[in-house]
Amino acid sequence: MTLSRRDFMRSAQAVGLFYASLSLTGCASARSANRSFRLIPDPARRLDLPEGFSYTLVSETGGTMSDGFFRPGRPDGMACFAHPDSADKCILMRNHENWKNTPTGSPFGKGAELLDRVSDSQLYDRKADGSPFFGGVTKLVYDLKHKKMERDFLVLTGTAANCAGGRTPWGSWLSCEEEVLTAGKESGKYHGFVFENPSSATGLIDALPLKAMGRFAHEAAAVDPESGIVYMTEDDRSGLIYRFIPNVKGDLARGGKLQALAIRGWKSALTNNWPEDWGGGGAGRIKQGQQFDIEWLDLDDVESPDADLAERGHAAGAAYFCRGEGMDYGLRPGSNSGEIYFTCTQGGAAQTGQVWSYAPDHSDEATGALTLLYESTSADTLDLCDNLALAPWGDLILCEDGSGSNYLRGLTPDGKIYDFARNAHKDESEFCGACFSPDGTTLFVNVQEPGFTYAINGPWESLRVR
């Protein structure tokens, strides 16, 4: 997420209302698309959920973690891993989107009193005034049987705006920096990188950026387990979709090749569907369900101090996507192969979100098929889709980061949107980090402010497509 997101949406609301009324091919209205169940108001004013579902507050910002550090603020992207010793437990790897100018939520306490417990190799960077950056990652061990957190501790620190990321098939969490900072001006080191965090970590790790994966406003990542290729989104209104082909499958630190997605026959495409006077190709230019053949363009100078990868890639023919954010890999029911799913938070004529899929062609890794699965026509239907997760039954769970009430929305394989949860807290903050436990019984999700992590349980079979 970017800090100006809400302000931008409010300023665009008057214009956006007109375009929200457009009916794109295949789109259903909020009324006809939503499932028939209703959300039950929560007396505690935390989460409104369907009948039969309940939540557990796993943790909240502040307080002391198991390692003695303070629990950092602004929880964001997250992934769940199987516990190596018990099927009744799982591991959560959780980002903390603390920007350079975020004033609160440090794990080091007032005046950074606990910073002397961190070695130079473990703290990635300091700000210009010498104070530490305190973006990073925490690890939680959760008891699924007794519905409680066993322990949590700091794994990565000293980074900036760790927004989203992605899990790997080899058991690590790729934590992505969204804030792109210039060494010597705003920070001691360059920022805008990916950091790999093993889910087996028992404490702080050395903070090592994977620079070959590019320097840009990283958001999320997803790994195709068959090829080992890592796909990545960029949170910028003129961002690219990237993929990283590692030199050695499963060993990202050994480098590789970075590429950007281009649409065949449409050089330097604009996919946002914005009206032309908003910097787009026209409302409805891309129809819902429309599929494109794509190719991948090699990128050079991927860690450039100018942070101009998207601009150079677009000039070479890569497609622009409007604020790529959430991303996940998975196999939907009835499908023969896995796909990469991702959101574009301000894509679409109403600027309230698009959901895309990319199907790799494993017989020819240079190609594949790109499809616009869904485009929101109104904030009432879907308002700024951000993180996403593929549910065990095949729906996509979408985290909203809009103005006013934020929802967890479900998107069915046949393109129907439904409400699953509403953030009933007075702060009306965004949902983020949705992910399921390995056994599919629990959905974990964060509410960024004031900083809650929830576990949701219930009759998941009621959400399956009938």
# chains A, B, ... in the order shown; residues from 1 in each chain; ligands from 1

call {"tool": "residues_around", "arguments": {"residues": "Ala269 (chain A)", "least_positions_apart": "5", "cutoff": "10 Å", "atoms": "only C-alpha atoms", "output": "VMD selection string"}}
result
chain A and resid 262 to 264 280 to 281 314 317 to 321

call {"tool": "write_last_selection", "arguments": {"atoms": "N, CA, C and O atoms", "output": "tab-separated table (two decimals), in the first residue's frame"}}
result
chain	number	residue	atom	x	y	z
A	262	ALA	N	5.12	-8.66	-21.47
A	262	ALA	CA	4.67	-7.86	-22.60
A	262	ALA	C	3.55	-8.62	-23.32
A	262	ALA	O	3.57	-9.86	-23.38
A	263	ILE	N	2.57	-7.89	-23.83
A	263	ILE	CA	1.45	-8.49	-24.56
A	263	ILE	C	1.79	-8.54	-26.06
A	263	ILE	O	2.15	-7.52	-26.65
A	264	ARG	N	1.69	-9.72	-26.63
A	264	ARG	CA	2.02	-9.87	-28.04
A	264	ARG	C	1.05	-9.07	-28.90
A	264	ARG	O	-0.17	-9.14	-28.73
A	280	GLY	N	-5.29	6.47	-19.80
A	280	GLY	CA	-5.57	5.09	-20.18
A	280	GLY	C	-5.96	4.99	-21.63
A	280	GLY	O	-5.98	5.97	-22.37
A	281	GLY	N	-6.30	3.77	-22.04
A	281	GLY	CA	-6.66	3.54	-23.43
A	281	GLY	C	-8.14	3.61	-23.69
A	281	GLY	O	-8.59	3.44	-24.82
A	314	HIS	N	8.86	-0.49	-20.01
A	314	HIS	CA	7.70	-0.09	-20.81
A	314	HIS	C	8.15	0.45	-22.17
A	314	HIS	O	7.53	0.15	-23.21
A	317	GLY	N	8.65	-2.22	-24.52
A	317	GLY	CA	7.46	-2.96	-24.95
A	317	GLY	C	6.67	-3.64	-23.86
A	317	GLY	O	5.61	-4.22	-24.13
A	318	ALA	N	7.13	-3.60	-22.60
A	318	ALA	CA	6.40	-4.24	-21.51
A	318	ALA	C	5.10	-3.51	-21.20
A	318	ALA	O	4.98	-2.29	-21.42
A	319	ALA	N	4.13	-4.24	-20.70
A	319	ALA	CA	2.81	-3.68	-20.38
A	319	ALA	C	2.81	-3.01	-19.02
A	319	ALA	O	3.42	-3.51	-18.07
A	320	TYR	N	2.11	-1.88	-18.93
A	320	TYR	CA	1.88	-1.23	-17.64
A	320	TYR	C	0.64	-1.82	-16.98
A	320	TYR	O	-0.40	-2.03	-17.64
A	321	PHE	N	0.73	-2.07	-15.68
A	321	PHE	CA	-0.39	-2.51	-14.86
A	321	PHE	C	-0.57	-1.50	-13.72
A	321	PHE	O	0.43	-1.01	-13.17

call {"tool": "residues_around", "arguments": {"residues": "Ala455 (chain A)", "least_positions_apart": "6", "cutoff": "6 Å", "atoms": "only C-alpha atoms", "output": "ChimeraX atom specification"}}
result
/A:55-56,443-444

call {"tool": "atom_distance", "arguments": {"atom1": "CA of Val137 (chain A)", "atom2": "CA of Asn95 (chain A)"}}
result
4.5 Å

call {"tool": "residues_around", "arguments": {"residues": "Asp206 (chain A)", "least_positions_apart": "3", "cutoff": "8 Å", "atoms": "only C-alpha atoms", "output": "JSON, numbers by chain"}}
result
{"A": [121, 122, 123, 124, 156]}

call {"tool": "write_last_selection", "arguments": {"atoms": "all heavy atoms", "output": "PDB file, in the first residue's frame"}}
result
ATOM      1  N   SER A 121      25.075  -7.122  11.136  1.00  0.00           N
ATOM      2  CA  SER A 121      24.646  -7.934   9.996  1.00  0.00           C
ATOM      3  C   SER A 121      23.138  -8.202  10.022  1.00  0.00           C
ATOM      4  O   SER A 121      22.536  -8.472   8.981  1.00  0.00           O
ATOM      5  CB  SER A 121      25.401  -9.267   9.973  1.00  0.00           C
ATOM      6  OG  SER A 121      25.100 -10.040  11.131  1.00  0.00           O
ATOM      7  N   GLN A 122      22.524  -8.123  11.205  1.00  0.00           N
ATOM      8  CA  GLN A 122      21.094  -8.377  11.331  1.00  0.00           C
ATOM      9  C   GLN A 122      20.251  -7.132  11.057  1.00  0.00           C
ATOM     10  O   GLN A 122      19.096  -7.251  10.633  1.00  0.00           O
ATOM     11  CB  GLN A 122      20.785  -8.907  12.731  1.00  0.00           C
ATOM     12  CG  GLN A 122      21.364 -10.295  13.000  1.00  0.00           C
ATOM     13  CD  GLN A 122      21.294 -10.672  14.474  1.00  0.00           C
ATOM     14  OE1 GLN A 122      21.223  -9.808  15.350  1.00  0.00           O
ATOM     15  NE2 GLN A 122      21.332 -11.972  14.741  1.00  0.00           N
ATOM     16  N   LEU A 123      20.797  -5.951  11.308  1.00  0.00           N
ATOM     17  CA  LEU A 123      20.072  -4.706  11.033  1.00  0.00           C
ATOM     18  C   LEU A 123      20.445  -4.245   9.629  1.00  0.00           C
ATOM     19  O   LEU A 123      21.591  -3.847   9.386  1.00  0.00           O
ATOM     20  CB  LEU A 123      20.431  -3.627  12.058  1.00  0.00           C
ATOM     21  CG  LEU A 123      19.685  -2.298  11.896  1.00  0.00           C
ATOM     22  CD1 LEU A 123      18.242  -2.422  12.353  1.00  0.00           C
ATOM     23  CD2 LEU A 123      20.398  -1.184  12.649  1.00  0.00           C
ATOM     24  N   TYR A 124      19.481  -4.271   8.711  1.00  0.00           N
ATOM     25  CA  TYR A 124      19.840  -3.943   7.332  1.00  0.00           C
ATOM     26  C   TYR A 124      20.308  -2.505   7.180  1.00  0.00           C
ATOM     27  O   TYR A 124      21.321  -2.253   6.525  1.00  0.00           O
ATOM     28  CB  TYR A 124      18.659  -4.207   6.395  1.00  0.00           C
ATOM     29  CG  TYR A 124      18.976  -3.823   4.959  1.00  0.00           C
ATOM     30  CD1 TYR A 124      19.957  -4.501   4.243  1.00  0.00           C
ATOM     31  CD2 TYR A 124      18.320  -2.763   4.328  1.00  0.00           C
ATOM     32  CE1 TYR A 124      20.275  -4.153   2.940  1.00  0.00           C
ATOM     33  CE2 TYR A 124      18.632  -2.406   3.020  1.00  0.00           C
ATOM     34  CZ  TYR A 124      19.601  -3.098   2.337  1.00  0.00           C
ATOM     35  OH  TYR A 124      19.936  -2.735   1.049  1.00  0.00           O
ATOM     36  N   LEU A 156      13.432 -10.568  10.700  1.00  0.00           N
ATOM     37  CA  LEU A 156      14.115  -9.627   9.814  1.00  0.00           C
ATOM     38  C   LEU A 156      13.842  -8.215  10.302  1.00  0.00           C
ATOM     39  O   LEU A 156      12.710  -7.889  10.675  1.00  0.00           O
ATOM     40  CB  LEU A 156      13.593  -9.776   8.381  1.00  0.00           C
ATOM     41  CG  LEU A 156      14.133  -8.784   7.341  1.00  0.00           C
ATOM     42  CD1 LEU A 156      15.600  -9.097   7.002  1.00  0.00           C
ATOM     43  CD2 LEU A 156      13.286  -8.809   6.067  1.00  0.00           C
TER      44      LEU A 156
END

call {"tool": "atom_distance", "arguments": {"atom1": "CA of Leu204 (chain A)", "atom2": "CA of Ala82 (chain A)"}}
result
20.2 Å

call {"tool": "atom_distance", "arguments": {"atom1": "CA of Gly368 (chain A)", "atom2": "CA of Asn336 (chain A)"}}
result
14.6 Å

call {"tool": "residues_around", "arguments": {"residues": "region 400-404 of chain A", "least_positions_apart": "6", "cutoff": "8 Å", "atoms": "only C-alpha atoms", "output": "PyMOL selection string"}}
result
chain A and resi 6+9-10+379+382-387+428-432

call {"tool": "closest_residue", "arguments": {"among": "A:Val58, A:Leu174, A:Ala391, A:Leu240", "to": "Pro438 (chain A)", "atoms": "only C-alpha atoms"}}
result
A:Ala391

call {"tool": "residues_around", "arguments": {"residues": "Asn162 (chain A)", "least_positions_apart": "6", "cutoff": "9 Å", "atoms": "only C-alpha atoms", "output": "list in words"}}
result
Asp76, Gly77, Asn95, His96, Glu97, Asn98, Trp99, Gly135, Gly136, Val137, Ser175, Cys176, Glu177, Glu178, Glu179, His218 and Glu219 of chain A

call {"tool": "closest_residue", "arguments": {"among": "A:Glu234, A:Glu226, A:Asp143, A:Glu461", "to": "Trp393 (chain A)", "atoms": "only C-alpha atoms"}}
result
A:Glu461

call {"tool": "closest_residue", "arguments": {"among": "A:Ile286, A:Val118, A:Ala310, A:Ala207", "to": "Leu261 (chain A)", "atoms": "only C-alpha atoms"}}
result
A:Ala310

call {"tool": "residues_around", "arguments": {"residues": "Gly109 (chain A)", "least_positions_apart": "5", "cutoff": "12 Å", "atoms": "only C-alpha atoms", "output": "number ranges by chain"}}
result
A: 62-65, 68-73, 103-104, 114-117, 131-132, 134

call {"tool": "write_last_selection", "arguments": {"atoms": "all heavy atoms", "output": "compact mmCIF listing (two decimals), in the first residue's frame"}}
result
# COMPACT_ATOMS: atom_id res chain seq x y z
N GLY A 62 2.22 -3.98 19.72
CA GLY A 62 2.60 -3.60 21.06
C GLY A 62 2.75 -4.84 21.94
O GLY A 62 2.47 -5.95 21.53
N GLY A 63 3.21 -4.64 23.12
CA GLY A 63 3.45 -5.78 23.99
C GLY A 63 4.77 -6.44 23.66
O GLY A 63 5.37 -6.20 22.60
N THR A 64 5.22 -7.28 24.53
CA THR A 64 6.53 -7.91 24.39
C THR A 64 6.40 -9.28 23.76
O THR A 64 5.58 -10.10 24.19
CB THR A 64 7.21 -8.04 25.76
OG1 THR A 64 7.29 -6.74 26.37
CG2 THR A 64 8.61 -8.59 25.62
N MET A 65 7.23 -9.54 22.77
CA MET A 65 7.24 -10.86 22.12
C MET A 65 8.09 -11.83 22.93
O MET A 65 8.71 -11.46 23.93
CB MET A 65 7.78 -10.73 20.69
CG MET A 65 6.90 -9.89 19.78
SD MET A 65 7.41 -9.97 18.04
CE MET A 65 8.99 -9.13 18.09
N GLY A 68 11.68 -10.84 23.66
CA GLY A 68 11.92 -9.63 24.42
C GLY A 68 11.76 -8.35 23.62
O GLY A 68 11.69 -7.26 24.20
N PHE A 69 11.70 -8.43 22.26
CA PHE A 69 11.44 -7.25 21.46
C PHE A 69 9.95 -6.91 21.50
O PHE A 69 9.11 -7.77 21.83
CB PHE A 69 11.87 -7.47 20.00
CG PHE A 69 13.36 -7.55 19.81
CD1 PHE A 69 13.97 -8.76 19.51
CD2 PHE A 69 14.14 -6.41 19.91
CE1 PHE A 69 15.35 -8.84 19.32
CE2 PHE A 69 15.52 -6.48 19.73
CZ PHE A 69 16.12 -7.69 19.44
N PHE A 70 9.64 -5.67 21.16
CA PHE A 70 8.24 -5.26 21.10
C PHE A 70 7.64 -5.69 19.76
O PHE A 70 8.31 -5.65 18.73
CB PHE A 70 8.11 -3.75 21.29
CG PHE A 70 8.49 -3.29 22.66
CD1 PHE A 70 9.75 -2.77 22.91
CD2 PHE A 70 7.59 -3.39 23.72
CE1 PHE A 70 10.13 -2.36 24.18
CE2 PHE A 70 7.95 -2.98 25.00
CZ PHE A 70 9.22 -2.46 25.24
N ARG A 71 6.37 -6.07 19.80
CA ARG A 71 5.70 -6.51 18.58
C ARG A 71 5.55 -5.33 17.63
O ARG A 71 4.92 -4.34 17.95
CB ARG A 71 4.34 -7.11 18.91
CG ARG A 71 3.68 -7.86 17.77
CD ARG A 71 2.48 -8.66 18.27
NE ARG A 71 2.91 -9.71 19.18
CZ ARG A 71 2.56 -9.76 20.47
NH1 ARG A 71 1.81 -8.81 21.00
NH2 ARG A 71 3.00 -10.74 21.24
N PRO A 72 6.14 -5.39 16.43
CA PRO A 72 6.12 -4.24 15.52
C PRO A 72 4.71 -3.90 15.03
O PRO A 72 3.80 -4.74 15.06
CB PRO A 72 7.00 -4.70 14.35
CG PRO A 72 7.79 -5.85 14.87
CD PRO A 72 6.93 -6.51 15.89
N GLY A 73 4.57 -2.67 14.54
CA GLY A 73 3.29 -2.22 14.04
C GLY A 73 3.07 -2.53 12.58
O GLY A 73 3.93 -3.07 11.89
N PRO A 103 6.06 6.74 12.47
CA PRO A 103 6.59 7.20 13.77
C PRO A 103 6.51 6.17 14.90
O PRO A 103 7.22 6.30 15.89
CB PRO A 103 5.72 8.41 14.08
CG PRO A 103 4.40 8.10 13.42
CD PRO A 103 4.73 7.33 12.18
N THR A 104 5.62 5.19 14.77
CA THR A 104 5.40 4.25 15.88
C THR A 104 5.55 2.82 15.39
O THR A 104 5.68 2.55 14.20
CB THR A 104 4.00 4.44 16.48
OG1 THR A 104 3.01 4.19 15.45
CG2 THR A 104 3.82 5.84 17.02
N LEU A 114 16.38 -1.24 22.80
CA LEU A 114 16.75 -2.65 22.63
C LEU A 114 17.65 -2.88 21.42
O LEU A 114 17.97 -4.03 21.10
CB LEU A 114 15.49 -3.52 22.50
CG LEU A 114 14.51 -3.48 23.67
CD1 LEU A 114 13.30 -4.37 23.37
CD2 LEU A 114 15.19 -3.93 24.96
N LEU A 115 18.06 -1.82 20.76
CA LEU A 115 18.81 -1.97 19.52
C LEU A 115 20.17 -2.62 19.73
O LEU A 115 20.71 -3.26 18.82
CB LEU A 115 18.98 -0.61 18.85
CG LEU A 115 19.57 -0.61 17.44
CD1 LEU A 115 18.72 -1.45 16.50
CD2 LEU A 115 19.71 0.81 16.91
N ASP A 116 20.72 -2.50 20.93
CA ASP A 116 22.04 -3.08 21.17
C ASP A 116 22.02 -4.61 21.15
O ASP A 116 23.07 -5.26 21.16
CB ASP A 116 22.62 -2.58 22.50
CG ASP A 116 21.76 -2.92 23.70
OD1 ASP A 116 20.66 -3.50 23.52
OD2 ASP A 116 22.17 -2.58 24.83
N ARG A 117 20.82 -5.20 21.08
CA ARG A 117 20.70 -6.65 20.99
C ARG A 117 20.78 -7.14 19.53
O ARG A 117 20.73 -8.35 19.29
CB ARG A 117 19.37 -7.11 21.60
CG ARG A 117 19.23 -6.81 23.09
CD ARG A 117 17.88 -7.26 23.61
NE ARG A 117 17.61 -8.64 23.24
CZ ARG A 117 16.41 -9.21 23.30
NH1 ARG A 117 15.36 -8.51 23.70
NH2 ARG A 117 16.25 -10.46 22.94
N SER A 131 18.97 6.61 13.36
CA SER A 131 17.98 5.72 13.97
C SER A 131 17.70 4.54 13.04
O SER A 131 17.88 4.65 11.82
CB SER A 131 16.69 6.47 14.27
OG SER A 131 16.09 6.95 13.08
N PRO A 132 17.26 3.42 13.57
CA PRO A 132 17.08 2.23 12.73
C PRO A 132 15.78 2.26 11.93
O PRO A 132 14.76 2.80 12.38
CB PRO A 132 17.03 1.09 13.75
CG PRO A 132 16.43 1.73 14.98
CD PRO A 132 16.99 3.14 15.00
N PHE A 134 12.63 0.14 10.92
CA PHE A 134 12.02 -0.97 11.66
C PHE A 134 10.89 -1.65 10.91
O PHE A 134 9.96 -2.19 11.48
CB PHE A 134 11.58 -0.55 13.07
CG PHE A 134 10.78 0.73 13.16
CD1 PHE A 134 9.40 0.73 13.02
CD2 PHE A 134 11.43 1.93 13.40
CE1 PHE A 134 8.68 1.89 13.14
CE2 PHE A 134 10.70 3.11 13.50
CZ PHE A 134 9.33 3.10 13.38

call {"tool": "residues_around", "arguments": {"residues": "region 433-435 of chain A", "least_positions_apart": "4", "cutoff": "10 Å", "atoms": "only C-alpha atoms", "output": "PDB file with N, CA and C atoms, in the first residue's frame"}}
result
ATOM      1  N   PRO A  75       1.088  -4.733  10.675  1.00  0.00           N
ATOM      2  CA  PRO A  75       1.208  -6.055  10.053  1.00  0.00           C
ATOM      3  C   PRO A  75       0.586  -6.046   8.665  1.00  0.00           C
ATOM      4  N   ASP A  76       1.221  -6.712   7.725  1.00  0.00           N
ATOM      5  CA  ASP A  76       0.745  -6.664   6.343  1.00  0.00           C
ATOM      6  C   ASP A  76       0.776  -8.054   5.727  1.00  0.00           C
ATOM      7  N   GLY A  77       1.560  -8.244   4.647  1.00  0.00           N
ATOM      8  CA  GLY A  77       1.595  -9.535   3.971  1.00  0.00           C
ATOM      9  C   GLY A  77       2.001 -10.664   4.904  1.00  0.00           C
ATOM     10  N   MET A  78       1.523 -11.896   4.610  1.00  0.00           N
ATOM     11  CA  MET A  78       1.735 -12.996   5.540  1.00  0.00           C
ATOM     12  C   MET A  78       1.575 -14.317   4.785  1.00  0.00           C
ATOM     13  N   ALA A  79       2.231 -15.342   5.268  1.00  0.00           N
ATOM     14  CA  ALA A  79       2.075 -16.682   4.706  1.00  0.00           C
ATOM     15  C   ALA A  79       2.088 -17.703   5.831  1.00  0.00           C
ATOM     16  N   CYS A  80       1.436 -18.825   5.585  1.00  0.00           N
ATOM     17  CA  CYS A  80       1.338 -19.881   6.586  1.00  0.00           C
ATOM     18  C   CYS A  80       2.070 -21.124   6.095  1.00  0.00           C
ATOM     19  N   PHE A  81       2.791 -21.766   7.026  1.00  0.00           N
ATOM     20  CA  PHE A  81       3.591 -22.944   6.720  1.00  0.00           C
ATOM     21  C   PHE A  81       3.252 -24.062   7.705  1.00  0.00           C
ATOM     22  N   LEU A  92       3.352 -18.826  11.020  1.00  0.00           N
ATOM     23  CA  LEU A  92       3.022 -17.631  10.251  1.00  0.00           C
ATOM     24  C   LEU A  92       4.262 -16.765  10.123  1.00  0.00           C
ATOM     25  N   MET A  93       4.571 -16.370   8.900  1.00  0.00           N
ATOM     26  CA  MET A  93       5.631 -15.399   8.638  1.00  0.00           C
ATOM     27  C   MET A  93       4.931 -14.111   8.236  1.00  0.00           C
ATOM     28  N   ARG A  94       5.157 -13.032   8.999  1.00  0.00           N
ATOM     29  CA  ARG A  94       4.328 -11.825   8.880  1.00  0.00           C
ATOM     30  C   ARG A  94       5.175 -10.579   8.670  1.00  0.00           C
ATOM     31  N   ASN A  95       4.832  -9.838   7.625  1.00  0.00           N
ATOM     32  CA  ASN A  95       5.492  -8.566   7.339  1.00  0.00           C
ATOM     33  C   ASN A  95       5.013  -7.450   8.245  1.00  0.00           C
ATOM     34  N   CYS A 163       5.796  -4.663   2.601  1.00  0.00           N
ATOM     35  CA  CYS A 163       4.360  -4.683   2.361  1.00  0.00           C
ATOM     36  C   CYS A 163       3.863  -6.118   2.208  1.00  0.00           C
ATOM     37  N   ALA A 164       4.057  -6.697   1.042  1.00  0.00           N
ATOM     38  CA  ALA A 164       3.625  -8.077   0.856  1.00  0.00           C
ATOM     39  C   ALA A 164       4.831  -8.954   0.547  1.00  0.00           C
ATOM     40  N   GLY A 165       4.602 -10.040  -0.144  1.00  0.00           N
ATOM     41  CA  GLY A 165       5.674 -10.984  -0.436  1.00  0.00           C
ATOM     42  C   GLY A 165       5.076 -12.259  -0.969  1.00  0.00           C
ATOM     43  N   GLY A 166       5.703 -13.376  -0.669  1.00  0.00           N
ATOM     44  CA  GLY A 166       5.177 -14.651  -1.123  1.00  0.00           C
ATOM     45  C   GLY A 166       5.931 -15.811  -0.504  1.00  0.00           C
ATOM     46  N   GLY A 326      -1.575  -7.796  -4.646  1.00  0.00           N
ATOM     47  CA  GLY A 326      -1.602  -9.178  -4.200  1.00  0.00           C
ATOM     48  C   GLY A 326      -1.293 -10.168  -5.301  1.00  0.00           C
ATOM     49  N   ASP A 328      -0.752 -14.712  -5.866  1.00  0.00           N
ATOM     50  CA  ASP A 328      -0.703 -16.058  -5.298  1.00  0.00           C
ATOM     51  C   ASP A 328      -0.662 -17.051  -6.446  1.00  0.00           C
ATOM     52  N   ASP A 386      -6.421  -5.654  -2.728  1.00  0.00           N
ATOM     53  CA  ASP A 386      -4.997  -5.587  -2.400  1.00  0.00           C
ATOM     54  C   ASP A 386      -4.457  -7.019  -2.330  1.00  0.00           C
ATOM     55  N   ASN A 387      -4.047  -7.478  -1.157  1.00  0.00           N
ATOM     56  CA  ASN A 387      -3.572  -8.855  -1.023  1.00  0.00           C
ATOM     57  C   ASN A 387      -4.671  -9.843  -1.428  1.00  0.00           C
ATOM     58  N   LEU A 388      -4.250 -11.026  -1.852  1.00  0.00           N
ATOM     59  CA  LEU A 388      -5.231 -12.066  -2.167  1.00  0.00           C
ATOM     60  C   LEU A 388      -4.679 -13.424  -1.804  1.00  0.00           C
ATOM     61  N   ALA A 389      -5.585 -14.383  -1.646  1.00  0.00           N
ATOM     62  CA  ALA A 389      -5.202 -15.765  -1.344  1.00  0.00           C
ATOM     63  C   ALA A 389      -6.146 -16.694  -2.078  1.00  0.00           C
ATOM     64  N   LEU A 390      -5.621 -17.783  -2.602  1.00  0.00           N
ATOM     65  CA  LEU A 390      -6.443 -18.802  -3.237  1.00  0.00           C
ATOM     66  C   LEU A 390      -6.948 -19.747  -2.160  1.00  0.00           C
ATOM     67  N   ALA A 391      -8.275 -19.823  -2.013  1.00  0.00           N
ATOM     68  CA  ALA A 391      -8.873 -20.681  -0.995  1.00  0.00           C
ATOM     69  C   ALA A 391      -8.805 -22.144  -1.425  1.00  0.00           C
ATOM     70  N   ILE A 397      -9.748 -15.087  -2.245  1.00  0.00           N
ATOM     71  CA  ILE A 397     -10.096 -14.217  -1.128  1.00  0.00           C
ATOM     72  C   ILE A 397      -9.329 -12.913  -1.313  1.00  0.00           C
ATOM     73  N   LEU A 398     -10.063 -11.805  -1.433  1.00  0.00           N
ATOM     74  CA  LEU A 398      -9.494 -10.501  -1.751  1.00  0.00           C
ATOM     75  C   LEU A 398      -9.564  -9.584  -0.536  1.00  0.00           C
ATOM     76  N   CYS A 399      -8.437  -8.982  -0.196  1.00  0.00           N
ATOM     77  CA  CYS A 399      -8.361  -8.035   0.913  1.00  0.00           C
ATOM     78  C   CYS A 399      -8.570  -6.615   0.378  1.00  0.00           C
ATOM     79  N   LEU A 408     -13.334  -8.366   3.407  1.00  0.00           N
ATOM     80  CA  LEU A 408     -12.771  -9.512   2.711  1.00  0.00           C
ATOM     81  C   LEU A 408     -13.837  -9.962   1.733  1.00  0.00           C
ATOM     82  N   GLY A 440      -6.370 -26.259   5.852  1.00  0.00           N
ATOM     83  CA  GLY A 440      -7.538 -25.573   5.309  1.00  0.00           C
ATOM     84  C   GLY A 440      -8.612 -25.212   6.313  1.00  0.00           C
ATOM     85  N   THR A 442      -8.364 -22.960   8.858  1.00  0.00           N
ATOM     86  CA  THR A 442      -8.238 -21.632   9.457  1.00  0.00           C
ATOM     87  C   THR A 442      -7.761 -20.630   8.410  1.00  0.00           C
ATOM     88  N   LEU A 443      -8.449 -19.496   8.377  1.00  0.00           N
ATOM     89  CA  LEU A 443      -8.021 -18.366   7.550  1.00  0.00           C
ATOM     90  C   LEU A 443      -7.409 -17.323   8.476  1.00  0.00           C
ATOM     91  N   PHE A 444      -6.162 -16.979   8.224  1.00  0.00           N
ATOM     92  CA  PHE A 444      -5.495 -15.923   8.980  1.00  0.00           C
ATOM     93  C   PHE A 444      -5.543 -14.630   8.169  1.00  0.00           C
ATOM     94  N   VAL A 445      -5.690 -13.519   8.860  1.00  0.00           N
ATOM     95  CA  VAL A 445      -5.701 -12.227   8.171  1.00  0.00           C
ATOM     96  C   VAL A 445      -5.291 -11.137   9.147  1.00  0.00           C
ATOM     97  N   ASN A 446      -4.671 -10.094   8.605  1.00  0.00           N
ATOM     98  CA  ASN A 446      -4.281  -8.936   9.409  1.00  0.00           C
ATOM     99  C   ASN A 446      -5.208  -7.761   9.140  1.00  0.00           C
ATOM    100  N   VAL A 447      -5.389  -6.927  10.169  1.00  0.00           N
ATOM    101  CA  VAL A 447      -5.960  -5.593  10.022  1.00  0.00           C
ATOM    102  C   VAL A 447      -4.848  -4.640  10.414  1.00  0.00           C
ATOM    103  N   GLN A 448      -4.427  -3.794   9.468  1.00  0.00           N
ATOM    104  CA  GLN A 448      -3.159  -3.097   9.654  1.00  0.00           C
ATOM    105  C   GLN A 448      -3.145  -2.121  10.821  1.00  0.00           C
ATOM    106  N   THR A 453      -3.915  -9.404  14.253  1.00  0.00           N
ATOM    107  CA  THR A 453      -3.855 -10.630  13.467  1.00  0.00           C
ATOM    108  C   THR A 453      -4.956 -11.552  13.966  1.00  0.00           C
ATOM    109  N   TYR A 454      -5.810 -12.003  13.036  1.00  0.00           N
ATOM    110  CA  TYR A 454      -6.957 -12.839  13.387  1.00  0.00           C
ATOM    111  C   TYR A 454      -6.826 -14.226  12.777  1.00  0.00           C
ATOM    112  N   ALA A 455      -7.459 -15.197  13.458  1.00  0.00           N
ATOM    113  CA  ALA A 455      -7.659 -16.543  12.910  1.00  0.00           C
ATOM    114  C   ALA A 455      -9.168 -16.763  12.813  1.00  0.00           C
TER     115      ALA A 455
END

call {"tool": "select_by_dssp", "arguments": {"residues": "region 257-435 of chain A", "states": "strand (DSSP E)", "output": "JSON, numbers by chain"}}
result
{"A": [257, 258, 259, 260, 261, 262, 263, 291, 292, 293, 294, 295, 296, 297, 298, 324, 325, 326, 327, 328, 329, 330, 339, 340, 341, 342, 343, 344, 354, 355, 356, 357, 358, 359, 360, 367, 368, 369, 370, 371, 372, 373, 374, 375, 385, 386, 387, 388, 389, 390, 396, 397, 398, 399, 400, 407, 408, 409, 410, 411, 417, 418, 419, 420, 421, 422, 423, 431, 432, 433, 434, 435]}

call {"tool": "closest_residue", "arguments": {"among": "A:Ser200, A:Gln354, A:Thr182, A:Thr345", "to": "Phe216 (chain A)", "atoms": "only C-alpha atoms"}}
result
A:Thr182

call {"tool": "decode", "arguments": {"residues": "region 173-184 of chain A", "atoms": "C-alpha atoms", "output": "tab-separated table (two decimals), in the first residue's frame"}}
result
chain	number	residue	atom	x	y	z
A	173	TRP	CA	8.95	-16.26	2.98
A	174	LEU	CA	9.97	-13.63	0.42
A	175	SER	CA	9.51	-10.27	2.12
A	176	CYS	CA	9.32	-7.34	-0.30
A	177	GLU	CA	10.27	-3.71	0.30
A	178	GLU	CA	7.82	-1.26	-1.25
A	179	GLU	CA	9.76	1.88	-0.33
A	180	VAL	CA	12.52	2.68	-2.84
A	181	LEU	CA	15.14	4.81	-1.05
A	182	THR	CA	18.43	6.21	-2.30
A	183	ALA	CA	21.62	5.57	-0.34
A	184	GLY	CA	23.29	8.70	0.97
